[in-house]
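Okay, so here's the structure we're looking at.
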Amino acid sequence: MTQKELQVQRLVKEAQEAYLRLHTRRHFLKESAMGLGALAMGSLLGGCGGNSNAIAPVAFDPAHPLLPKPPQFAGKAKSVIYLHMAGAPSQLELFDYKPELMKMDGQDCPPSLLAGKKFAFISGVPKMLGPQARFAQHGESRTWVSENLPHFSTVVDEVSFLKAVTTDQFNHAPAQLLMHTGSPRLGRPSMGSWVTYGLGTENQNLPGFVVLTSGGSFPDAGKSVWGSGFLPSVYQGVQCRSEGDPVLFIKDPNGMSRDLRKASIETINEANRQEYAEYNDPEILSRISQYEMAYRMQITAPEVMNINDEPSYIHEMYGTQPGKSCFANNVLLARKLVEKGVRYVQLFDWGWDAHGDSPNNAVNIGLINKCRTIDKAITALLLDLKQRGLLEETLVVWGGEFGRTPMMENRNGINAPFKGRDHHTEAFTIWMAGGGIKPGYTYGETDEIGYSAVSGKTDAFDIQATILNQLGFNHEQFTYYFQGRPFRLTDVGGKVIRDIIA
Amino acid sequence: MKFLFTKKKYVITGIAVIAATGCIFLLSPTKRIDFNTEVKPILNKKCISCHGGVKAKGGFSVLFREEALAKTESGNPVIIPGDPNGSEMIRRLTSKDPEERMPYKHEALSKNEIHILKEWIRQGAKWGDHWAYLPVQKTDAPDIANNWIHNDVDKFIYAKLKEEKLQPAAQADKATLLRRVSLDLIGRYPTQTVAEQYLKSNNDKAYEVLVDSLLASPHFGERWASLWLDLARYADTKGYEADGGRSIWKYRDWLIHAFNEDKPYNLFITEQIAGDLLPDPTDAQYIATAFHRNSMNNDEGGTDNEEFRTAAVIDRVNTTWESLMSTTFSCVQCHSHPYDPFHHEEYYQFLAYFNNTRDEDVPGEHPLLREYNDTMQQKLKAITDWTKKYASETEASNLKKFLRTLQPSVNSTTADSLKNAVIANHNIQLIIRNHAVARLKKIDLQQKNLLVCKLYTNNRSGTLKLHVDAPDGPLLASVVLKAIPQWRYEYIHLSSQTGVHDVYLTYENPTLPADNKSFAVSFDCFGFIEQLPGKSVPGFVKIEQSFHELLDAKVTTTPVMVENPSWMWRKTNVFIRGAWTSKGKEVEPAVPKIFAYAMPAGAPKNRMGLAMWLTDKRNPLVSRTIVNRLWEQLFGTGIAETLEDLGTQGIPPTHKELLDFLSWKLMNDYHWSLKTLLKELVMSATYRQDSKLSNEVKEKDPFNKYYARGPRVRLSAEQLRDQHLCISGMMSDKMYGPGVMPWQPEGIWLSPYNGAKWINSKDEDQYRRAVYTYWKRTAPYPSMITFDGVPRVLCTARRIRTNTPLQALVTMNDSAYLDMARHFAYRMQEEAGKKTEQQIMKGYELMLYKPISQAKLSLFKGLYDRALRDFKNDRDKTCEMIGMNDQHNNPETAALVVVANAMLNLDEIVTKW
């Protein structure tokens with residue numbers, strides 16, 4: 001490093017510190033004068049009706065919004081990989097084994113299951129639909145898994161299953177939003193935004209919150225499920241792509257060599273230093289450091305996003321398809337990203353809706369094909385993280401936005417041509433692994449046909465509260481002040497699911 | 001100065017107390033306790049989380065005075081005015097027993113805090129109103145004069161600077177001011193003539209001439225519309241899952257016009273809130289009401305239209321408060337406001353103003369204004385005149401409204417009692433099979449003898465019958481539907497009825513197969529109207545034909561507000577805990593009690609009455625909000641920093657008297673003219689200061705709260721694009737029209753169930769101002785989002801500025817920005833001749849209106865030489881850097897593009913200073 005570079009680095013560091021100091025002091029002063037937190041600070045009040053116990057507030061430094069920050073308490077997990085199967089996979093063909101339902105297959109749905117209920121598409125009296133897969137018990141935990149996930153069956157002892165998850169949203173977009181932002185409507189920050197706002201990120205050369213999508217379409221709720229809502233936009237998820245630029249605009253213009261880009265950034269920064277000498281505004285120093293960081297990100301991100309340099313046994317293990325855009329590639333990327341210090345990696349795989357209006361979304365055809373595209377990858381992810389010693393500090397979550405009905409779908413009163421199930425809010429399965437979660441455990445139970453939760457009922461807020469807890473946040477006290485009140489991810493709900501914590 | 005102000009306040013409150021309490025405290029030696037600044041902060045911080053709003057533990061709440069003085073669960077009041085030692089509150093705050101002492105299980109109050117509360121109770125436990133909830137008073141500017149002060153704004157600023165022992169900065173140089181004030185007032189660079197005229201003039205008035213010409217520029221409206229689009233949550237799509245397109249750009253154009261013509265702010269608000277309720281509203285007045293049709297519309301299969309209609313109404317309430325009154329009303333949706341004096345019920349009283357518009361979250365987004373061209377307008381006039389002549393004014397006006405908005409119409413999605421019929425996906429439209437029955441509830445049939453029904457059927461020989469009150473009730477009409485493979489209007493004549501009835505629709509078709517599986521007819525909406533009069537008069541046929549032609553005409557439509565007629569009137573109920581499904585007490589339209597004083601006498605209980613209340617000079621929030629917002633746009637921070645909240649939880653204003661001074665002026669002296677207000681602000685010495693930071697100011701006022709220097713903030717996403725377009729010489733001056741699609745990377749749009757594609761606009765539309773960029777809520781234009789643009793899903797009162805590496809990547813690598821760099825390089829060559837130094841010098845001047853320093857010149861020349869080496873040795877790279885453009889395909893130009901790209905990334909160009 002040249003003398004000049006060292007000098008700039010020192011200047012930048014000083015500026016950062018001074019800025020942070022002033023910032024904190026200003027808010028501290030306001031705090032004493034006014035009694036409440038300001039916008040740029042996690043407020044001291046715990047959301048609507050929360051309790052007013054103060055834990056360390058989260059400071060927001062607009063000049064360096066992504067620097068690592070300590071959590072409220074020591075958490076088990078440092079990063080999160082959230083695998084969302086958009087469209088909602090059927091729990092009845094994967095994890096929630098219901099032999100009783102088989103006996104009812106083809107019968108009219110009893111009126112007791114329909115009275116006062118609302119479904120997205122079912123109308124009139126639908127027929128019951130038995131499980132469309134065979135099940136067996138696996139591992140020391142004797143966990144039931146269907147034949148659709150033969151590889152995953154081998155790692156059930158790493159996982160905690162939540163079998164009685166519920167939601168109150170029976171449409172994809174609102175249910176996905178609820179799962180990831182704590183509200184069925186657009187406008188709230190997503191979990192990854194909250195987490196990077198609270199913790200910053202370890203690797204400044206990569207985005208702190210990365211989103212990877214597969215399945216040919218974005219999730220139904222669009223980019224809002226990784227939006228930053230009312231948090232500063234710097235906390236929104238950065239979509240990394242396996243085709244085109246891995247990160248938008250990361251590639252230098254065609255014709256510009258890396259060396260030339262370096263020279264260009266050095267020129268920009270030197271001119272900015274001259275400007276700083278004249279104008280003395282610390283924001284200029286911050287801009288200089290952002291350009292340096294951009295340069296490093298240009299090197300780091302494509303490296304990380306390139307899976308070709310992984311050994312062939314890893315490719316085999318994950319079932320990747322190099323050169324293509326697919327879920328397995330994204331799962332491997334997710335591992336690479338957390339390894340490099342990315343805080344939150346969110347995957348969405350589209351195409352899990354199963355209404356039975358075509359073979360592709362029949363629970364006995366399309367669903368099986370979808371399972372094949374994820375089975376090896378999710379299994380490999382747990383094994384690979386474990387062999388690298390990363391599973392302990394990486395929380396992996398798998399699930400959809402709601403469940404599927406034990407009844408066959410009959411849209412507009414007509415039976416679906418293939419075997420399909422409607423959206424179901426009263427019971428579905430989500431699993432978590434790593435990051436301090438109990439291995440080989442099942443929590444929650446549904447009734448004998450998998451219609452509703454009978455014990456260990458949980459919901460999106462509980463899952464969010466648990467994820468935040470594993471990262472070192474009390475979800476009731478992790479808030480952001482907006483529109484005159486402190487907001488939290490879990491709104492007014494959420495209980496940490498203590499039973500699944502190791 | 002501070003001392004004087006404070007003393008004055010003592011005197012005023014002193015008098016108030018004497019009046020209120022009958023001289024009890026006249027001789028009190030202790031100073032008067034101020035509720036807002038001394039007591040309320042303690043209550044908010046230490047008490048209110050258990051005793052107010054959501055919670056009232058022990059039956060005690062400190063939110064409202066009547067609650068705080070009321071009996072609690074113990075049977076006794078906790079506060080006894082005048083008797084601190086007899087008040088349970090003080091006893092509990094000072095108790096030694098940890099089970100009794102408040103705040104429970106939290107740190108005790110300090111001695112000083114307890115003293116304040118005691119003294120306050122002794123003085124009568126008076127509640128004070130928060131400053132922003134009191135009417136704006138005429139405020140005098142401080143009586144100071146000196147050479148620096150240019151206008152009254154400066155007097156306030158200077159007084160405060162003096163208090164803080166700071167000195168204002170000198171005026172910025174002309175080049176700096178030219179760029180600053182242009183970006184601020186018109187959001188882009190002015191024409192070369194305007195710029196040169198100013199730079200060359202030695203006249204004292206030159207700056208004012210510049211300001212006046214900027215204020216008169218048509219680009220003024222484009223810049224300020226951008227601001228309003230965030231508040232109005234404007235987008236070109238409907239939001240939610242499908243996020244399909246919506247044609248509402250006419251509203252954006254309305255805003256541009258309104259700002260350009262300096263529509264007085266009170267009228268500006270009135271038209272947006274209640275333009276449709278003005279007498280015989282113009283198209284523009286209808287379009288203004290699209291302000292509140294920018295709420296989202298959910299087309300996802302299976303969603304409940306009433307749920308999302310309700311969500312839209314709630315959004316309108318929240319947006320009205322947030323955008324026009326900087327007040328966070330959304331808390332009150334679920335419970336009484338925890339900090340500000342709003343009761344739960346008041347939320348729904350306010351919501352009642354918005355709860356009677358015709359929109360019902362249907363995919364067609366009815367009601368839509370149909371804009372007719374001149375020829376069609378003539379037909380419309382002929383029909384109206386005819387109806388006036390042969391029927392009445394009222395009928396003419398009803399028909400005119402129907403032809404323009406199709407209202408009042410019943411959406412087919414509200415049909416029920418269905419047999420052989422369904423509402424497709426629960427929310428799209430009514431579709432029926434053979435032998436169908438469907439009911440339309442409570443239709444006013446009084447004098448309604450024509451049904452205009454929008455339907456689709458491709459089956460011949462089906463008979464549609466309408467019956468009154470029962471499927472086999474008296475026959476209203478019977479019609480055999482023709483098979484036509486397109487949506488059409490069916491005109492069905494009805495037998496005479498009186499009053500309001502259920503209408504049953506039946507359908508029988510002998511030609512359909514017996515299995516009756518497929519659907520035969522789809523319905524969109526049903527308009528029950530008075531038929532054209534004068535049937536026997538010559539000329540009727542032509543009038544009737546015009547009537548049909550107008551409805552069939554392909555016209556631009558815009559979602560607008562239309563009020564329900566009385567027979568469609570919805571009741572409004574309180575939602576218990578904010579849940580739309582649990583309805584509580586019924587309420588009438590009203591504004592919160594604390595502001596009811598500003599309700600003009602005789603104001604109707606509808607949106608027009610609401611608009612009258614908003615724009616009444618006694619409304620304390622509307623003028624303060626807009627003044628604060630405009631100030632923030634120019635200076636980077638509001639006078640009250642929290643643009644979104646002037647309530648008790650907002651950050652208090654740094655210069656409250658100035659805020660009030662300007663707010664009063666706006667309403668009175670300026671007659672609500674925003675241009676006049678902006679002129680006052682940019683003419684001030686405060687605004688014109690140099691933005692250099694001295695070490696002293698950096699230490700004492702790092703965030704420029706006191707304005708000892710000029711503003712210095714990063715450009716907004718829109719300003720940045722527009723500025724770069726100007727510098728590159730590519731900016732299109734084309735105004736108005738549907739959103740355009742400038743270059744964006746592949747794969748940004750991938751919504752499910754939506755084939756919509758981003759198709760790059762052609763030619764000049766590639767280079768339109770940012771305000772015209774097509775805005776898709778779930779996938780907004782990426783480079784603008786990176787620069788802190790907001791998705792415009794909800795009203796956003798303030799963009800938080802960030803500084804991130806992703807922003808650097810946009811301006812360095814985004815093809816749209818690279819393209820601008822190329823054109824910038826060509827422009828340098830064209831305007832400066834062959835010599836590289838000359839070209840760079842010219843380029844810098846085009847960017848910043850001033851000469852480049854020698855040091856920067858050699859830096860960029862160095863980069864040029866470095867780049868030239870690359871390109872001289874590599875023809876392919878040259879070609880790529882130029883983008884395959886033959887005319888410029890040489891190493892010199894390629895190297896200059898690299899320089900242009902670097903120059904457009906300088907801090908001084910992405911920052912306004």
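Note on naming: chains are A, B, ... as they come in the structure tokens, residues start from 1 per chain, ligands start from 1 in the order shown.
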Excluding Arg233 (chain B) and its own-chain neighbours fewer than 2 positions away, which residues fall within 12 Å of it when counting only C-alpha atoms? Please give them as a VMD selection string.
(chain A and resid 187) or (chain B and resid 225 to 231 235 to 239 248 251 to 252 290 to 296 312 315 to 316 318 to 320 322 to 323 775 to 777 789 to 797)
Where in region 548-586 of chain B does DSSP assign helix (DSSP H, G or I), given as a ChimeraX atom specification?
/B:548-552,566-568,576-578
12 Å contact set for Gly602 (chain B), only C-alpha atoms, chain neighbours under 5 positions out, as JSON, numbers by chain
{"B": [608, 609, 610, 612, 613]}
Taking 4 positions as the minimum chain separation for residues in the same chain, which residues sit within 7 Å of Glu490 (chain B) when counting only C-alpha atoms? Answer as a JSON list (two decimals) with N, CA and C atoms, in the first residue's frame.
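Saved to result-v9.json:
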[["chain", "number", "residue", "atom", "x", "y", "z"],
["B", 452, "VAL", "N", -77.52, -0.35, -18.75],
["B", 452, "VAL", "CA", -76.37, -0.45, -19.63],
["B", 452, "VAL", "C", -75.45, -1.48, -19.00],
["B", 453, "CYS", "N", -75.34, -2.61, -19.68],
["B", 453, "CYS", "CA", -74.65, -3.74, -19.06],
["B", 453, "CYS", "C", -73.44, -4.11, -19.91],
["B", 454, "LYS", "N", -72.28, -4.16, -19.26],
["B", 454, "LYS", "CA", -71.08, -4.55, -20.00],
["B", 454, "LYS", "C", -70.92, -6.06, -19.85]]
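The residue set within 8 Å of region 95-102 of chain A, counting only C-alpha atoms and dropping same-chain residues fewer than 2 places from it, reads Gln91, Leu92, Glu93, Met104, Asp105, Met128, Leu129, Gly130, Pro131, Phe135, Trp144, Val145, Ser146, Lys163, Pro406, Thr429, Glu448, Ile449 and Gly450 of chain A.
The space separating CA of Ala770 (chain B) from CA of Tyr189 (chain B) comes to 13.8 Å.
Rounded to one decimal, CA of Ile314 (chain B) and CA of Ser326 (chain B) lie 16.3 Å from each other.
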DSSP strand (DSSP E or B) selection over region 348-433 of chain A, as a ChimeraX atom specification
/A:348-350,394-399,403-408,411,421-424,428-433
Can you tell me, as a PyMOL selection string, what residues are no more than 6 Å from region 703-720 of chain B when counting only C-alpha atoms, ignoring any on the same chain fewer than 5 positions away?
chain B and resi 168-169+187+635+687+689-691+770+784+787+910-913
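Ranking A:Gln132, A:Ser190, A:Thr167, A:Gln236 by their shortest atom-to-atom distance to chain B, with only C-alpha atoms included, puts A:Gln236 first.
Here CA of Ile48 (chain B) and CA of Thr625 (chain B) stand 26.6 Å from one another.
Ranking A:Lys76, A:Arg372, A:Arg388, A:Arg258 by their shortest atom-to-atom distance to chain B, with only C-alpha atoms included, puts A:Arg258 first.
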For Ala816 (chain B), work out the shell of residues within 10 Å, counting only C-alpha atoms and skipping chain neighbours fewer than 5 positions away, then give it as a ChimeraX atom specification.
/B:721,725,742-745,766-767,783,810-811,821
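Closest approach to Gly399 (chain A) among A:Ser193, A:Gln274, A:Gln346, A:Thr373: A:Gln346, based on only C-alpha atoms.
Compared by their closest atoms to chain A, and using only C-alpha atoms, the residues B:Ala145, B:Ala170, B:Cys47, B:Val555 rank with B:Cys47 nearest.
With only C-alpha atoms as the atoms that count, the minimum distance from Gly200 (chain A) to the choices A:Ile265, A:Ile497, A:Leu333, A:Val234 is reached by A:Val234.
With only C-alpha atoms as the basis for measurement, B:Asp874 is the residue among B:Glu657, B:Asp874, B:Asp416, B:Asp472 that approaches chain A most closely.
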